[in-house]
Amino acid sequence: MMMNRYITNDAEADIVTFLAEWETGRYGKKLTWIILVKSFGYSRQALSGNKTIKKAYNNAKEVLKGACSEIDVLSDIAKENKQLKKALAEAQEIIHLYEQKYIRWQSNCASRGISVDVLNKPIAPSIKEELRKRDKEV
């Protein structure tokens, strides 16, 4: 490939238009000087030495960088949302199983004549708990 030495005004306009199209994401997210060198045949030094092209290049890079980070943020939010929905579904399933177990226990207790008051009665402390309580009082 032959590299041209000077960038003409028409070539400069074409390159700036190309960079403006690149900003839209039409050609991808990754923009490098090598891509411009291969596309237009000018050296990297000639392209970056042209103030108009360099400004358009930097602007395109910033726009793409912002677009990438917005896409990445949205992707991360979507992943987190998916994980949270999965965790919520698992928690709801566990709650449902406990509700079923409670209903089963309630039915079994009622069939054996055990009242709700008896079920809600506090559990007596163990011997170890009583000893610890006495040791703290002394």
# chains A, B, ... in the order shown; residues from 1 in each chain; ligands from 1

call {"tool": "residues_around", "arguments": {"residues": "A:Glu23", "least_positions_apart": "2", "cutoff": "12 Å", "atoms": "only C-alpha atoms", "output": "list of chain:residue names"}}
result
A:Val16, A:Thr17, A:Phe18, A:Leu19, A:Ala20, A:Glu21, A:Gly25, A:Arg26, A:Tyr27, A:Gly28, A:Lys29, A:Lys30, A:Leu31, A:Ala56, A:Tyr57, A:Asn58, A:Asn59, A:Ala60, A:Lys61, A:Glu62, A:Val63, A:Leu64, A:Lys65, A:Gly66, A:Ala67, A:Cys68

call {"tool": "select_by_dssp", "arguments": {"residues": "chain A", "states": "helix (DSSP H, G or I)", "output": "ChimeraX atom specification"}}
result
/A:9-23,33-40,44-49,51-111,116-120,127-137

call {"tool": "closest_atom_pairs", "arguments": {"of": "stretch 27-92 of chain A", "to": "stretch 97-116 of chain A", "cutoff": "12 Å", "atoms": "only C-alpha atoms", "output": "Markdown table"}}
result
| residue | atom | partner | partner_atom | distance |
| --- | --- | --- | --- | --- |
| A:Glu90 | CA | A:Leu97 | CA | 10.7 |
| A:Ala91 | CA | A:Leu97 | CA | 9.9 |
| A:Gln92 | CA | A:Leu97 | CA | 8.7 |

call {"tool": "write_last_selection", "arguments": {"atoms": "N, CA, C and O atoms", "output": "tab-separated table (two decimals), in the first residue's frame"}}
result
chain	number	residue	atom	x	y	z
A	90	GLU	N	-36.25	-18.25	44.13
A	90	GLU	CA	-35.83	-19.29	45.07
A	90	GLU	C	-36.39	-19.01	46.47
A	90	GLU	O	-36.87	-19.93	47.15
A	91	ALA	N	-36.34	-17.76	46.89
A	91	ALA	CA	-36.88	-17.39	48.21
A	91	ALA	C	-38.39	-17.62	48.26
A	91	ALA	O	-38.92	-18.12	49.27
A	92	GLN	N	-39.09	-17.27	47.20
A	92	GLN	CA	-40.53	-17.49	47.16
A	92	GLN	C	-40.87	-18.98	47.21
A	92	GLN	O	-41.84	-19.38	47.85

call {"tool": "atom_distance", "arguments": {"atom1": "atom CA of A:Glu93", "atom2": "atom CA of A:Ile77"}}
result
24.1 Å

call {"tool": "closest_residue", "arguments": {"among": "A:Asn9, A:Thr32, A:Asn120, A:Ser39", "to": "A:Thr52", "atoms": "only C-alpha atoms"}}
result
A:Asn9

call {"tool": "residues_around", "arguments": {"residues": "A:Ile15", "least_positions_apart": "6", "cutoff": "12 Å", "atoms": "only C-alpha atoms", "output": "PDB file with N, CA and C atoms, in the first residue's frame"}}
result
ATOM      1  N   ILE A   7      -2.285  15.274   3.107  1.00  0.00           N
ATOM      2  CA  ILE A   7      -3.737  15.040   3.161  1.00  0.00           C
ATOM      3  C   ILE A   7      -4.412  16.221   2.483  1.00  0.00           C
ATOM      4  N   THR A   8      -5.168  15.931   1.429  1.00  0.00           N
ATOM      5  CA  THR A   8      -5.880  16.990   0.704  1.00  0.00           C
ATOM      6  C   THR A   8      -7.131  17.365   1.483  1.00  0.00           C
ATOM      7  N   ASN A   9      -7.728  18.492   1.108  1.00  0.00           N
ATOM      8  CA  ASN A   9      -8.955  18.943   1.762  1.00  0.00           C
ATOM      9  C   ASN A   9     -10.092  17.955   1.544  1.00  0.00           C
ATOM     10  N   GLU A  21     -19.326   8.868  11.137  1.00  0.00           N
ATOM     11  CA  GLU A  21     -20.117   7.641  11.001  1.00  0.00           C
ATOM     12  C   GLU A  21     -19.683   6.610  12.042  1.00  0.00           C
ATOM     13  N   TRP A  22     -18.391   6.575  12.344  1.00  0.00           N
ATOM     14  CA  TRP A  22     -17.880   5.613  13.319  1.00  0.00           C
ATOM     15  C   TRP A  22     -18.453   5.911  14.714  1.00  0.00           C
ATOM     16  N   TRP A  33      -5.952   4.276  15.216  1.00  0.00           N
ATOM     17  CA  TRP A  33      -5.295   4.972  14.104  1.00  0.00           C
ATOM     18  C   TRP A  33      -4.979   3.985  12.989  1.00  0.00           C
ATOM     19  N   ILE A  35      -6.722   1.585  11.888  1.00  0.00           N
ATOM     20  CA  ILE A  35      -7.900   1.444  11.027  1.00  0.00           C
ATOM     21  C   ILE A  35      -7.948   2.577  10.014  1.00  0.00           C
ATOM     22  N   LEU A  36      -7.664   3.804  10.474  1.00  0.00           N
ATOM     23  CA  LEU A  36      -7.654   4.949   9.554  1.00  0.00           C
ATOM     24  C   LEU A  36      -6.512   4.838   8.543  1.00  0.00           C
ATOM     25  N   VAL A  37      -5.355   4.387   9.000  1.00  0.00           N
ATOM     26  CA  VAL A  37      -4.211   4.214   8.098  1.00  0.00           C
ATOM     27  C   VAL A  37      -4.571   3.243   6.987  1.00  0.00           C
ATOM     28  N   LYS A  38      -5.169   2.098   7.368  1.00  0.00           N
ATOM     29  CA  LYS A  38      -5.531   1.083   6.377  1.00  0.00           C
ATOM     30  C   LYS A  38      -6.665   1.556   5.473  1.00  0.00           C
ATOM     31  N   SER A  39      -7.582   2.346   6.013  1.00  0.00           N
ATOM     32  CA  SER A  39      -8.735   2.790   5.226  1.00  0.00           C
ATOM     33  C   SER A  39      -8.386   3.882   4.221  1.00  0.00           C
ATOM     34  N   PHE A  40      -7.444   4.766   4.589  1.00  0.00           N
ATOM     35  CA  PHE A  40      -7.200   5.930   3.733  1.00  0.00           C
ATOM     36  C   PHE A  40      -5.788   6.013   3.175  1.00  0.00           C
ATOM     37  N   GLY A  41      -4.872   5.195   3.652  1.00  0.00           N
ATOM     38  CA  GLY A  41      -3.538   5.160   3.070  1.00  0.00           C
ATOM     39  C   GLY A  41      -2.595   6.245   3.544  1.00  0.00           C
ATOM     40  N   TYR A  42      -2.961   7.008   4.539  1.00  0.00           N
ATOM     41  CA  TYR A  42      -2.066   8.024   5.091  1.00  0.00           C
ATOM     42  C   TYR A  42      -1.393   7.452   6.333  1.00  0.00           C
ATOM     43  N   LEU A  47      -2.028  11.607   9.817  1.00  0.00           N
ATOM     44  CA  LEU A  47      -3.416  11.712  10.285  1.00  0.00           C
ATOM     45  C   LEU A  47      -3.495  12.436  11.618  1.00  0.00           C
ATOM     46  N   SER A  48      -2.644  12.065  12.562  1.00  0.00           N
ATOM     47  CA  SER A  48      -2.709  12.689  13.885  1.00  0.00           C
ATOM     48  C   SER A  48      -2.137  14.101  13.878  1.00  0.00           C
ATOM     49  N   ASN A  50      -2.864  16.279  11.560  1.00  0.00           N
ATOM     50  CA  ASN A  50      -3.920  17.139  11.035  1.00  0.00           C
ATOM     51  C   ASN A  50      -4.886  17.452  12.180  1.00  0.00           C
ATOM     52  N   THR A  52      -7.830  18.921  12.388  1.00  0.00           N
ATOM     53  CA  THR A  52      -9.245  18.605  12.174  1.00  0.00           C
ATOM     54  C   THR A  52      -9.499  17.112  12.337  1.00  0.00           C
ATOM     55  N   ILE A  53      -8.644  16.308  11.750  1.00  0.00           N
ATOM     56  CA  ILE A  53      -8.797  14.848  11.838  1.00  0.00           C
ATOM     57  C   ILE A  53      -8.558  14.380  13.273  1.00  0.00           C
ATOM     58  N   LYS A  54      -7.525  14.930  13.908  1.00  0.00           N
ATOM     59  CA  LYS A  54      -7.233  14.532  15.285  1.00  0.00           C
ATOM     60  C   LYS A  54      -8.404  14.878  16.208  1.00  0.00           C
ATOM     61  N   LYS A  55      -9.001  16.056  16.013  1.00  0.00           N
ATOM     62  CA  LYS A  55     -10.147  16.469  16.834  1.00  0.00           C
ATOM     63  C   LYS A  55     -11.331  15.533  16.585  1.00  0.00           C
ATOM     64  N   ALA A  56     -11.597  15.202  15.341  1.00  0.00           N
ATOM     65  CA  ALA A  56     -12.699  14.294  15.007  1.00  0.00           C
ATOM     66  C   ALA A  56     -12.427  12.896  15.566  1.00  0.00           C
ATOM     67  N   TYR A  57     -11.168  12.453  15.485  1.00  0.00           N
ATOM     68  CA  TYR A  57     -10.780  11.136  16.025  1.00  0.00           C
ATOM     69  C   TYR A  57     -10.993  11.095  17.538  1.00  0.00           C
ATOM     70  N   ALA A  60     -14.654  11.045  18.366  1.00  0.00           N
ATOM     71  CA  ALA A  60     -15.236   9.718  18.105  1.00  0.00           C
ATOM     72  C   ALA A  60     -14.843   8.731  19.203  1.00  0.00           C
TER      73      ALA A  60
END

call {"tool": "atom_distance", "arguments": {"atom1": "atom CA of A:Ile123", "atom2": "atom CA of A:Glu137"}}
result
21.6 Å

call {"tool": "atom_distance", "arguments": {"atom1": "atom CA of A:Lys51", "atom2": "atom CA of A:Tyr6"}}
result
13.5 Å
